[in-house]
Structures are given as C-alpha cells and as structure tokens.
Amino acid sequence: MQTQTYPTDLTDRQWDCIKEYMPVAKPGGRPRRVAMRAVRNAIRYVLVTGCPWRQVPHDYPNWQTVYGYFRGWRDDGTWQRIHDTLRAQVRTQAGRQKHPTAGCLDSQSGKASAHRGERGSESGTHVNGRKRQLLVDTLGLLLAMVVTTASMSDPQGAKRICRRLQGGGKKLRWIWVDGAYRGTLLEWVVMRDPFRLPPIVHAARPQGFVVLPRRWVVERTFAWRTQCRRRDKDYEVLRSTSEALISIAMIRLMIRRVA
C-alpha cells in the first residue's frame, strides 16, 4: 500500500484500475527506474493545481521525466486508450450499452495565455483564445473533441468532430445541437454519416434562466473542467496538448466512479 503524498495522488484502488493499461518499458537501453504511479501522480498534480511543469514538487520524479512521459503517451494514443476503456466501464456500471446511440454537441470559447501558439478571436463573444468542441453521450462522458482557434465557426468544428469519431461512436443515431449548427452542416452530415443533428432551441424569448432539454448534459461536462485549474485557461502551446489534458481530466472523473 502506498500512502498519498498529495490529495491529487491516485488511491490504491484507482491505481489498480489503470495500471495494466500503462505502457511497458521499451526493450533495450537502460532499465526503467521511475515508478509509473509517481509519474501519473505528478501529471495529475499539474492538471489539478495548474502549476507549470517546471514547478512540479521534488516529491515526484524530475519534471523533464514527467513531461517526457506525458508527451510520449499523448503522441502514441495512450491517454485516448485509457479514456475509452474507462468510459466503457462507467457506461456498463450505469446499466448502459458500451456504445451510445445518442449524444450532445456544443462548443465553448476560452481565453489563451500569453504563450506562443495558435489562437483567434471569436466575433460573438470577442474572446481571444481557443474553442473546445465536445461531443458527449447522455451521461456527459466524452466521445470526441477538437480544440481549435476561437475564430473557427461551430459548423466547421463539428465537421472535424465527425471525422474524428471512431469506434465509440459507431452506433450514434442522434446528436442534439444548438442553433449555431444549422444550415449546410445538416446536409453535409446526412450525406456522410448515419446520425442526425436535431437542433434544440428556445421556442420563444425566455424569461430568465431556462434549462433546455438534452443540451444541459454537455454544459455540465464543460463545468466539470473547472475542477482542474490547468483547464481554466488554455496555457498550452500545442492544441494536441490541450486535447490530451481534457482526456486526462475526464479520466480523473471516471476513475473515481469505477474505483
């Protein structure tokens, strides 16, 4: 049994849920001397606390080592494989089929830091940063995502989402969206994919706050990211790093349910 150095560290039960999916050491070269659990805990610490990589506490392995593993697992698809495995377990635990038949799609723009990297300004909200497009199932679990500049339109982002859908979305038939996804996008989806994009909008001008059916699920998923300070603002140079951190944030949420 390993004690937790920080509140963000994995518990023994949580580590047992994912340790078999961590990549084994590559053959040849020096033997691995770093504990994978310590590396995983350091990455969680950066995600939850929002600290820079260089300020990882000395209780964890060297920050270059931690970032090197994070980057390697980002590029070889390790984070995505762990995420998809846990999503199937959470859905099964909730009495659902492993592959959903319905979902919800929406976007959210957020500010980017002063670091170099792609960014843009959204005309509606005047936010200078990046936009996150998320497709979730009816439980709010992530099916596909794409991070773009904030200047990219929602229909263009939705097309990228559709191209990224893999095995987890093979049974999708309905994806609820808001009014921004209407127009030529609906025709494009009909010609290409087996699912449909029914828009859900207010029937009339609402008086005060009104919860729209179906769409509140993806809004809750956007709210879940506020539990991780690293995702409160986009500090990453590469969009692929931002997407990897979103996957890790969802892994953190799902592993608590499974464990």
# chains A, B, ... in the order shown; residues from 1 in each chain; ligands from 1
call {"tool": "select_by_dssp", "arguments": {"residues": "segment 112-228 of chain A", "states": "alpha helix (DSSP H)", "output": "PyMOL selection string"}}
result
chain A and resi 154-164+184-192+216-224
call {"tool": "write_last_selection", "arguments": {"atoms": "N, CA, C and O atoms", "output": "short mmCIF file (atom, residue, chain, number, x, y, z; two decimals), in the first residue's frame"}}
result
data_model
loop_
_atom_site.label_atom_id
_atom_site.label_comp_id
_atom_site.auth_asym_id
_atom_site.auth_seq_id
_atom_site.Cartn_x
_atom_site.Cartn_y
_atom_site.Cartn_z
N ASP A 154 -18.63 27.17 -35.49
CA ASP A 154 -19.12 25.91 -34.92
C ASP A 154 -19.36 24.83 -35.97
O ASP A 154 -19.01 23.67 -35.74
N PRO A 155 -19.96 25.14 -37.14
CA PRO A 155 -20.15 24.09 -38.15
C PRO A 155 -18.83 23.49 -38.63
O PRO A 155 -18.75 22.28 -38.84
N GLN A 156 -17.80 24.31 -38.79
CA GLN A 156 -16.51 23.78 -39.21
C GLN A 156 -15.92 22.87 -38.13
O GLN A 156 -15.33 21.82 -38.43
N GLY A 157 -16.06 23.27 -36.88
CA GLY A 157 -15.59 22.42 -35.80
C GLY A 157 -16.37 21.12 -35.72
O GLY A 157 -15.80 20.06 -35.42
N ALA A 158 -17.67 21.18 -36.00
CA ALA A 158 -18.49 19.96 -35.97
C ALA A 158 -18.05 18.98 -37.05
O ALA A 158 -18.07 17.76 -36.83
N LYS A 159 -17.64 19.48 -38.19
CA LYS A 159 -17.15 18.59 -39.25
C LYS A 159 -15.89 17.86 -38.81
O LYS A 159 -15.69 16.67 -39.10
N ARG A 160 -15.03 18.56 -38.08
CA ARG A 160 -13.81 17.90 -37.57
C ARG A 160 -14.17 16.84 -36.54
O ARG A 160 -13.54 15.78 -36.49
N ILE A 161 -15.18 17.14 -35.72
CA ILE A 161 -15.63 16.16 -34.74
C ILE A 161 -16.12 14.89 -35.44
O ILE A 161 -15.79 13.76 -35.05
N CYS A 162 -16.91 15.06 -36.48
CA CYS A 162 -17.46 13.91 -37.21
C CYS A 162 -16.35 13.08 -37.83
O CYS A 162 -16.43 11.84 -37.87
N ARG A 163 -15.31 13.73 -38.32
CA ARG A 163 -14.19 12.99 -38.92
C ARG A 163 -13.38 12.24 -37.87
O ARG A 163 -12.73 11.24 -38.19
N ARG A 164 -13.41 12.70 -36.62
CA ARG A 164 -12.64 12.06 -35.56
C ARG A 164 -13.39 10.93 -34.87
O ARG A 164 -12.78 10.19 -34.10
N THR A 184 -25.99 24.39 -43.82
CA THR A 184 -25.40 23.40 -44.73
C THR A 184 -24.77 22.24 -43.97
O THR A 184 -24.57 21.17 -44.55
N LEU A 185 -24.46 22.43 -42.69
CA LEU A 185 -23.87 21.34 -41.91
C LEU A 185 -24.81 20.14 -41.86
O LEU A 185 -24.37 18.99 -41.96
N LEU A 186 -26.11 20.39 -41.69
CA LEU A 186 -27.07 19.29 -41.59
C LEU A 186 -27.09 18.46 -42.87
O LEU A 186 -27.17 17.23 -42.83
N GLU A 187 -27.00 19.13 -44.03
CA GLU A 187 -26.96 18.41 -45.30
C GLU A 187 -25.66 17.61 -45.42
O GLU A 187 -25.66 16.49 -45.94
N TRP A 188 -24.57 18.20 -44.98
CA TRP A 188 -23.26 17.53 -45.04
C TRP A 188 -23.28 16.25 -44.21
O TRP A 188 -22.75 15.22 -44.62
N VAL A 189 -23.90 16.30 -43.04
CA VAL A 189 -23.97 15.13 -42.17
C VAL A 189 -24.86 14.05 -42.78
O VAL A 189 -24.54 12.86 -42.72
N VAL A 190 -25.98 14.45 -43.37
CA VAL A 190 -26.90 13.48 -43.98
C VAL A 190 -26.20 12.70 -45.09
O VAL A 190 -26.39 11.49 -45.23
N MET A 191 -25.36 13.38 -45.87
CA MET A 191 -24.67 12.73 -46.98
C MET A 191 -23.52 11.84 -46.52
O MET A 191 -23.10 10.94 -47.25
N ARG A 192 -23.03 12.04 -45.29
CA ARG A 192 -21.80 11.36 -44.88
C ARG A 192 -21.97 10.36 -43.75
O ARG A 192 -21.33 9.30 -43.75
N TRP A 216 -28.32 20.43 -21.67
CA TRP A 216 -27.71 20.69 -20.37
C TRP A 216 -26.62 19.67 -20.05
O TRP A 216 -25.73 19.94 -19.23
N VAL A 217 -26.67 18.50 -20.69
CA VAL A 217 -25.70 17.45 -20.39
C VAL A 217 -24.29 17.89 -20.78
O VAL A 217 -23.34 17.75 -20.01
N VAL A 218 -24.14 18.45 -21.98
CA VAL A 218 -22.82 18.88 -22.42
C VAL A 218 -22.38 20.12 -21.66
O VAL A 218 -21.18 20.33 -21.41
N GLU A 219 -23.32 20.96 -21.26
CA GLU A 219 -22.97 22.13 -20.45
C GLU A 219 -22.40 21.68 -19.09
O GLU A 219 -21.47 22.31 -18.57
N ARG A 220 -22.93 20.61 -18.54
CA ARG A 220 -22.39 20.08 -17.29
C ARG A 220 -20.97 19.56 -17.49
O ARG A 220 -20.12 19.72 -16.61
N THR A 221 -20.72 18.95 -18.64
CA THR A 221 -19.37 18.46 -18.92
C THR A 221 -18.38 19.62 -18.98
O THR A 221 -17.24 19.51 -18.50
N PHE A 222 -18.78 20.73 -19.59
CA PHE A 222 -17.92 21.91 -19.60
C PHE A 222 -17.66 22.39 -18.17
O PHE A 222 -16.55 22.85 -17.85
N ALA A 223 -18.65 22.29 -17.31
CA ALA A 223 -18.48 22.73 -15.93
C ALA A 223 -17.53 21.82 -15.17
O ALA A 223 -16.82 22.28 -14.26
N TRP A 224 -17.49 20.54 -15.52
CA TRP A 224 -16.60 19.61 -14.82
C TRP A 224 -15.14 20.02 -14.96
O TRP A 224 -14.32 19.75 -14.08
#
call {"tool": "residues_around", "arguments": {"residues": "Ile200 of chain A", "least_positions_apart": "2", "cutoff": "7 Å", "atoms": "only C-alpha atoms", "output": "ChimeraX atom specification"}}
result
/A:176-179,198
call {"tool": "write_last_selection", "arguments": {"atoms": "N, CA, C and O atoms", "output": "PDB file, in the first residue's frame"}}
result
ATOM      1  N   TRP A 176     -27.816  15.920 -30.395  1.00  0.00           N
ATOM      2  CA  TRP A 176     -28.526  17.177 -30.220  1.00  0.00           C
ATOM      3  C   TRP A 176     -27.550  18.347 -30.202  1.00  0.00           C
ATOM      4  O   TRP A 176     -26.475  18.280 -29.584  1.00  0.00           O
ATOM      5  N   VAL A 177     -27.925  19.432 -30.878  1.00  0.00           N
ATOM      6  CA  VAL A 177     -27.063  20.603 -31.016  1.00  0.00           C
ATOM      7  C   VAL A 177     -27.896  21.857 -30.773  1.00  0.00           C
ATOM      8  O   VAL A 177     -29.123  21.801 -30.631  1.00  0.00           O
ATOM      9  N   ASP A 178     -27.217  23.011 -30.759  1.00  0.00           N
ATOM     10  CA  ASP A 178     -27.941  24.274 -30.642  1.00  0.00           C
ATOM     11  C   ASP A 178     -28.108  24.902 -32.025  1.00  0.00           C
ATOM     12  O   ASP A 178     -27.718  24.321 -33.046  1.00  0.00           O
ATOM     13  N   GLY A 179     -28.663  26.092 -32.066  1.00  0.00           N
ATOM     14  CA  GLY A 179     -28.992  26.718 -33.343  1.00  0.00           C
ATOM     15  C   GLY A 179     -27.803  27.062 -34.205  1.00  0.00           C
ATOM     16  O   GLY A 179     -27.939  27.252 -35.427  1.00  0.00           O
ATOM     17  N   PRO A 198     -30.434  17.001 -34.711  1.00  0.00           N
ATOM     18  CA  PRO A 198     -31.629  17.814 -34.441  1.00  0.00           C
ATOM     19  C   PRO A 198     -31.280  18.994 -33.532  1.00  0.00           C
ATOM     20  O   PRO A 198     -30.761  18.801 -32.434  1.00  0.00           O
TER      21      PRO A 198
END
call {"tool": "residues_around", "arguments": {"residues": "segment 41-58 of chain A", "least_positions_apart": "3", "cutoff": "6 Å", "atoms": "only C-alpha atoms", "output": "number ranges by chain"}}
result
A: 8-9, 38, 63, 228-230
call {"tool": "write_last_selection", "arguments": {"atoms": "all heavy atoms", "output": "short mmCIF file (atom, residue, chain, number, x, y, z; two decimals), in the first residue's frame"}}
result
data_model
loop_
_atom_site.label_atom_id
_atom_site.label_comp_id
_atom_site.auth_asym_id
_atom_site.auth_seq_id
_atom_site.Cartn_x
_atom_site.Cartn_y
_atom_site.Cartn_z
N THR A 8 -4.08 15.04 -4.65
CA THR A 8 -4.33 14.72 -6.05
C THR A 8 -3.83 13.33 -6.43
O THR A 8 -4.13 12.86 -7.53
CB THR A 8 -3.64 15.76 -6.95
OG1 THR A 8 -2.24 15.80 -6.64
CG2 THR A 8 -4.24 17.14 -6.74
N ASP A 9 -3.06 12.67 -5.57
CA ASP A 9 -2.49 11.37 -5.91
C ASP A 9 -3.57 10.30 -6.04
O ASP A 9 -4.62 10.37 -5.40
CB ASP A 9 -1.48 10.94 -4.85
CG ASP A 9 -0.22 11.78 -4.86
OD1 ASP A 9 -0.08 12.60 -5.79
OD2 ASP A 9 0.62 11.62 -3.96
N ALA A 38 4.16 7.20 -9.75
CA ALA A 38 4.65 8.53 -9.37
C ALA A 38 4.55 9.50 -10.54
O ALA A 38 4.21 10.68 -10.36
CB ALA A 38 6.08 8.43 -8.87
N TRP A 63 10.92 16.94 -13.40
CA TRP A 63 9.85 17.43 -14.26
C TRP A 63 10.10 17.10 -15.72
O TRP A 63 9.14 16.87 -16.47
CB TRP A 63 9.68 18.94 -14.08
CG TRP A 63 10.73 19.79 -14.75
CD1 TRP A 63 11.88 20.27 -14.21
CD2 TRP A 63 10.71 20.27 -16.11
NE1 TRP A 63 12.60 21.01 -15.12
CE2 TRP A 63 11.88 21.03 -16.30
CE3 TRP A 63 9.81 20.14 -17.17
CZ2 TRP A 63 12.20 21.65 -17.51
CZ3 TRP A 63 10.12 20.75 -18.37
CH2 TRP A 63 11.30 21.50 -18.54
N CYS A 228 -10.31 21.32 -12.54
CA CYS A 228 -8.88 21.26 -12.86
C CYS A 228 -8.42 22.65 -13.29
O CYS A 228 -8.83 23.14 -14.35
CB CYS A 228 -8.61 20.24 -13.97
SG CYS A 228 -9.17 18.56 -13.57
N ARG A 229 -7.58 23.26 -12.50
CA ARG A 229 -7.18 24.64 -12.77
C ARG A 229 -6.36 24.78 -14.05
O ARG A 229 -6.33 25.85 -14.64
CB ARG A 229 -6.38 25.18 -11.58
CG ARG A 229 -7.21 25.34 -10.31
CD ARG A 229 -6.44 26.06 -9.24
NE ARG A 229 -7.28 26.29 -8.05
CZ ARG A 229 -6.88 26.95 -6.98
NH1 ARG A 229 -5.64 27.45 -6.93
NH2 ARG A 229 -7.68 27.11 -5.95
N ARG A 230 -5.68 23.73 -14.45
CA ARG A 230 -4.91 23.81 -15.69
C ARG A 230 -5.82 24.01 -16.90
O ARG A 230 -5.37 24.53 -17.92
CB ARG A 230 -4.09 22.53 -15.86
CG ARG A 230 -3.12 22.53 -17.02
CD ARG A 230 -1.84 23.26 -16.70
NE ARG A 230 -0.92 23.27 -17.83
CZ ARG A 230 0.37 23.60 -17.74
NH1 ARG A 230 0.88 23.95 -16.57
NH2 ARG A 230 1.14 23.59 -18.81
#
call {"tool": "closest_residue", "arguments": {"among": "A:Thr78, A:Asn62, A:Thr138, A:Ser113", "to": "Tyr21 of chain A", "atoms": "only C-alpha atoms"}}
result
A:Thr78
call {"tool": "select_by_dssp", "arguments": {"residues": "segment 91-130 of chain A", "states": "strand (DSSP E or B)", "output": "PDB file with all heavy atoms, in the first residue's frame"}}
result
ATOM      1  N   ALA A 102     -26.978   8.024 -28.660  1.00  0.00           N
ATOM      2  CA  ALA A 102     -27.335   9.442 -28.690  1.00  0.00           C
ATOM      3  C   ALA A 102     -26.283  10.243 -27.937  1.00  0.00           C
ATOM      4  O   ALA A 102     -25.601   9.734 -27.046  1.00  0.00           O
ATOM      5  CB  ALA A 102     -28.717   9.672 -28.064  1.00  0.00           C
ATOM      6  N   GLY A 103     -26.167  11.505 -28.322  1.00  0.00           N
ATOM      7  CA  GLY A 103     -25.191  12.374 -27.682  1.00  0.00           C
ATOM      8  C   GLY A 103     -25.576  13.829 -27.841  1.00  0.00           C
ATOM      9  O   GLY A 103     -26.652  14.157 -28.356  1.00  0.00           O
ATOM     10  N   CYS A 104     -24.685  14.699 -27.409  1.00  0.00           N
ATOM     11  CA  CYS A 104     -24.916  16.137 -27.478  1.00  0.00           C
ATOM     12  C   CYS A 104     -23.610  16.822 -27.840  1.00  0.00           C
ATOM     13  O   CYS A 104     -22.546  16.455 -27.333  1.00  0.00           O
ATOM     14  CB  CYS A 104     -25.448  16.648 -26.146  1.00  0.00           C
ATOM     15  SG  CYS A 104     -25.978  18.378 -26.199  1.00  0.00           S
ATOM     16  N   LEU A 105     -23.699  17.821 -28.691  1.00  0.00           N
ATOM     17  CA  LEU A 105     -22.518  18.526 -29.199  1.00  0.00           C
ATOM     18  C   LEU A 105     -22.656  20.014 -28.923  1.00  0.00           C
ATOM     19  O   LEU A 105     -23.720  20.602 -29.119  1.00  0.00           O
ATOM     20  CB  LEU A 105     -22.380  18.293 -30.712  1.00  0.00           C
ATOM     21  CG  LEU A 105     -21.302  19.089 -31.453  1.00  0.00           C
ATOM     22  CD1 LEU A 105     -19.915  18.692 -30.982  1.00  0.00           C
ATOM     23  CD2 LEU A 105     -21.440  18.876 -32.962  1.00  0.00           C
ATOM     24  N   ASP A 106     -21.576  20.614 -28.449  1.00  0.00           N
ATOM     25  CA  ASP A 106     -21.565  22.055 -28.212  1.00  0.00           C
ATOM     26  C   ASP A 106     -20.123  22.527 -28.164  1.00  0.00           C
ATOM     27  O   ASP A 106     -19.177  21.734 -28.100  1.00  0.00           O
ATOM     28  CB  ASP A 106     -22.286  22.391 -26.907  1.00  0.00           C
ATOM     29  CG  ASP A 106     -22.784  23.843 -26.890  1.00  0.00           C
ATOM     30  OD1 ASP A 106     -22.482  24.573 -27.869  1.00  0.00           O
ATOM     31  OD2 ASP A 106     -23.443  24.250 -25.923  1.00  0.00           O
ATOM     32  N   SER A 107     -19.945  23.845 -28.176  1.00  0.00           N
ATOM     33  CA  SER A 107     -18.610  24.445 -28.152  1.00  0.00           C
ATOM     34  C   SER A 107     -18.532  25.466 -27.032  1.00  0.00           C
ATOM     35  O   SER A 107     -19.554  25.984 -26.561  1.00  0.00           O
ATOM     36  CB  SER A 107     -18.291  25.110 -29.491  1.00  0.00           C
ATOM     37  OG  SER A 107     -19.129  26.239 -29.700  1.00  0.00           O
ATOM     38  N   GLN A 108     -17.322  25.765 -26.625  1.00  0.00           N
ATOM     39  CA  GLN A 108     -17.071  26.770 -25.600  1.00  0.00           C
ATOM     40  C   GLN A 108     -15.740  27.443 -25.898  1.00  0.00           C
ATOM     41  O   GLN A 108     -14.733  26.766 -26.113  1.00  0.00           O
ATOM     42  CB  GLN A 108     -17.036  26.133 -24.213  1.00  0.00           C
ATOM     43  CG  GLN A 108     -16.848  27.126 -23.075  1.00  0.00           C
ATOM     44  CD  GLN A 108     -16.650  26.425 -21.745  1.00  0.00           C
ATOM     45  OE1 GLN A 108     -15.682  25.708 -21.559  1.00  0.00           O
ATOM     46  NE2 GLN A 108     -17.580  26.642 -20.821  1.00  0.00           N
ATOM     47  N   SER A 109     -15.744  28.759 -25.921  1.00  0.00           N
ATOM     48  CA  SER A 109     -14.517  29.525 -26.162  1.00  0.00           C
ATOM     49  C   SER A 109     -13.903  29.938 -24.839  1.00  0.00           C
ATOM     50  O   SER A 109     -14.610  30.260 -23.877  1.00  0.00           O
ATOM     51  CB  SER A 109     -14.814  30.767 -27.009  1.00  0.00           C
ATOM     52  OG  SER A 109     -15.308  30.399 -28.281  1.00  0.00           O
ATOM     53  N   GLY A 110     -12.588  29.926 -24.785  1.00  0.00           N
ATOM     54  CA  GLY A 110     -11.879  30.312 -23.579  1.00  0.00           C
ATOM     55  C   GLY A 110     -10.633  31.101 -23.921  1.00  0.00           C
ATOM     56  O   GLY A 110     -10.078  30.989 -25.021  1.00  0.00           O
ATOM     57  N   LYS A 111     -10.188  31.900 -22.985  1.00  0.00           N
ATOM     58  CA  LYS A 111      -9.004  32.721 -23.202  1.00  0.00           C
ATOM     59  C   LYS A 111      -7.755  31.847 -23.223  1.00  0.00           C
ATOM     60  O   LYS A 111      -7.673  30.814 -22.565  1.00  0.00           O
ATOM     61  CB  LYS A 111      -8.885  33.778 -22.111  1.00  0.00           C
ATOM     62  CG  LYS A 111     -10.003  34.819 -22.137  1.00  0.00           C
ATOM     63  CD  LYS A 111      -9.789  35.863 -21.057  1.00  0.00           C
ATOM     64  CE  LYS A 111     -10.892  36.914 -21.083  1.00  0.00           C
ATOM     65  NZ  LYS A 111     -10.707  37.931 -20.024  1.00  0.00           N
ATOM     66  N   ALA A 112      -6.771  32.304 -23.971  1.00  0.00           N
ATOM     67  CA  ALA A 112      -5.469  31.638 -24.022  1.00  0.00           C
ATOM     68  C   ALA A 112      -4.434  32.514 -23.334  1.00  0.00           C
ATOM     69  O   ALA A 112      -4.581  33.740 -23.263  1.00  0.00           O
ATOM     70  CB  ALA A 112      -5.059  31.361 -25.469  1.00  0.00           C
ATOM     71  N   GLY A 120      -7.257  32.698 -31.851  1.00  0.00           N
ATOM     72  CA  GLY A 120      -8.065  33.558 -32.694  1.00  0.00           C
ATOM     73  C   GLY A 120      -9.114  34.246 -31.845  1.00  0.00           C
ATOM     74  O   GLY A 120      -9.294  33.955 -30.670  1.00  0.00           O
ATOM     75  N   SER A 121      -9.829  35.179 -32.449  1.00  0.00           N
ATOM     76  CA  SER A 121     -10.847  35.954 -31.744  1.00  0.00           C
ATOM     77  C   SER A 121     -12.221  35.594 -32.282  1.00  0.00           C
ATOM     78  O   SER A 121     -12.460  35.647 -33.493  1.00  0.00           O
ATOM     79  CB  SER A 121     -10.587  37.453 -31.908  1.00  0.00           C
ATOM     80  OG  SER A 121     -11.552  38.211 -31.217  1.00  0.00           O
ATOM     81  N   ASN A 128     -10.421  36.164 -27.186  1.00  0.00           N
ATOM     82  CA  ASN A 128      -9.204  35.888 -27.928  1.00  0.00           C
ATOM     83  C   ASN A 128      -8.545  34.656 -27.327  1.00  0.00           C
ATOM     84  O   ASN A 128      -7.953  34.717 -26.251  1.00  0.00           O
ATOM     85  CB  ASN A 128      -8.254  37.086 -27.864  1.00  0.00           C
ATOM     86  CG  ASN A 128      -7.004  36.865 -28.701  1.00  0.00           C
ATOM     87  OD1 ASN A 128      -6.987  36.018 -29.594  1.00  0.00           O
ATOM     88  ND2 ASN A 128      -5.957  37.612 -28.417  1.00  0.00           N
ATOM     89  N   GLY A 129      -8.686  33.532 -27.988  1.00  0.00           N
ATOM     90  CA  GLY A 129      -8.126  32.308 -27.441  1.00  0.00           C
ATOM     91  C   GLY A 129      -8.461  31.121 -28.314  1.00  0.00           C
ATOM     92  O   GLY A 129      -8.322  31.178 -29.537  1.00  0.00           O
ATOM     93  N   ARG A 130      -8.948  30.057 -27.680  1.00  0.00           N
ATOM     94  CA  ARG A 130      -9.248  28.817 -28.376  1.00  0.00           C
ATOM     95  C   ARG A 130     -10.662  28.354 -28.053  1.00  0.00           C
ATOM     96  O   ARG A 130     -11.257  28.778 -27.072  1.00  0.00           O
ATOM     97  CB  ARG A 130      -8.238  27.724 -27.993  1.00  0.00           C
ATOM     98  CG  ARG A 130      -6.845  27.975 -28.561  1.00  0.00           C
ATOM     99  CD  ARG A 130      -5.852  26.956 -28.078  1.00  0.00           C
ATOM    100  NE  ARG A 130      -4.549  27.154 -28.700  1.00  0.00           N
ATOM    101  CZ  ARG A 130      -3.441  26.550 -28.315  1.00  0.00           C
ATOM    102  NH1 ARG A 130      -3.483  25.696 -27.297  1.00  0.00           N
ATOM    103  NH2 ARG A 130      -2.293  26.776 -28.928  1.00  0.00           N
TER     104      ARG A 130
END
call {"tool": "residues_around", "arguments": {"residues": "Lys170 of chain A", "least_positions_apart": "5", "cutoff": "9 Å", "atoms": "only C-alpha atoms", "output": "PyMOL selection string"}}
result
chain A and resi 99-101+165+194
call {"tool": "closest_residue", "arguments": {"among": "A:Lys233, A:His83, A:Arg196, A:Lys26", "to": "Ala249 of chain A", "atoms": "only C-alpha atoms"}}
result
A:His83
call {"tool": "residues_around", "arguments": {"residues": "Phe70 of chain A", "least_positions_apart": "5", "cutoff": "9 Å", "atoms": "only C-alpha atoms", "output": "list in words"}}
result
Val39, Arg40, Ile43, Thr65, Asp75, Trp79 and Ala244 of chain A
call {"tool": "residues_around", "arguments": {"residues": "Ile251 of chain A", "least_positions_apart": "4", "cutoff": "12 Å", "atoms": "only C-alpha atoms", "output": "PyMOL selection string"}}
result
chain A and resi 10+14-15+17-18+40+44+47+78-90+141-142+224-225+228+244-247+255-259
call {"tool": "closest_residue", "arguments": {"among": "A:Val201, A:Ile175, A:Met22, A:Ala180", "to": "Ser153 of chain A", "atoms": "only C-alpha atoms"}}
result
A:Ala180
call {"tool": "decode", "arguments": {"residues": "segment 213-226 of chain A", "atoms": "C-alpha atoms", "output": "CSV table (one decimal), in the first residue's frame"}}
result
chain,number,residue,atom,x,y,z
A,213,PRO,CA,-33.6,19.5,-22.6
A,214,ARG,CA,-30.7,17.3,-23.7
A,215,ARG,CA,-28.3,20.3,-24.1
A,216,TRP,CA,-27.7,20.7,-20.4
A,217,VAL,CA,-25.7,17.4,-20.4
A,218,VAL,CA,-22.8,18.9,-22.4
A,219,GLU,CA,-23.0,22.1,-20.4
A,220,ARG,CA,-22.4,20.1,-17.3
A,221,THR,CA,-19.4,18.5,-18.9
A,222,PHE,CA,-17.9,21.9,-19.6
A,223,ALA,CA,-18.5,22.7,-15.9
A,224,TRP,CA,-16.6,19.6,-14.8
A,225,ARG,CA,-13.4,21.0,-16.3
A,226,THR,CA,-13.4,23.8,-13.6
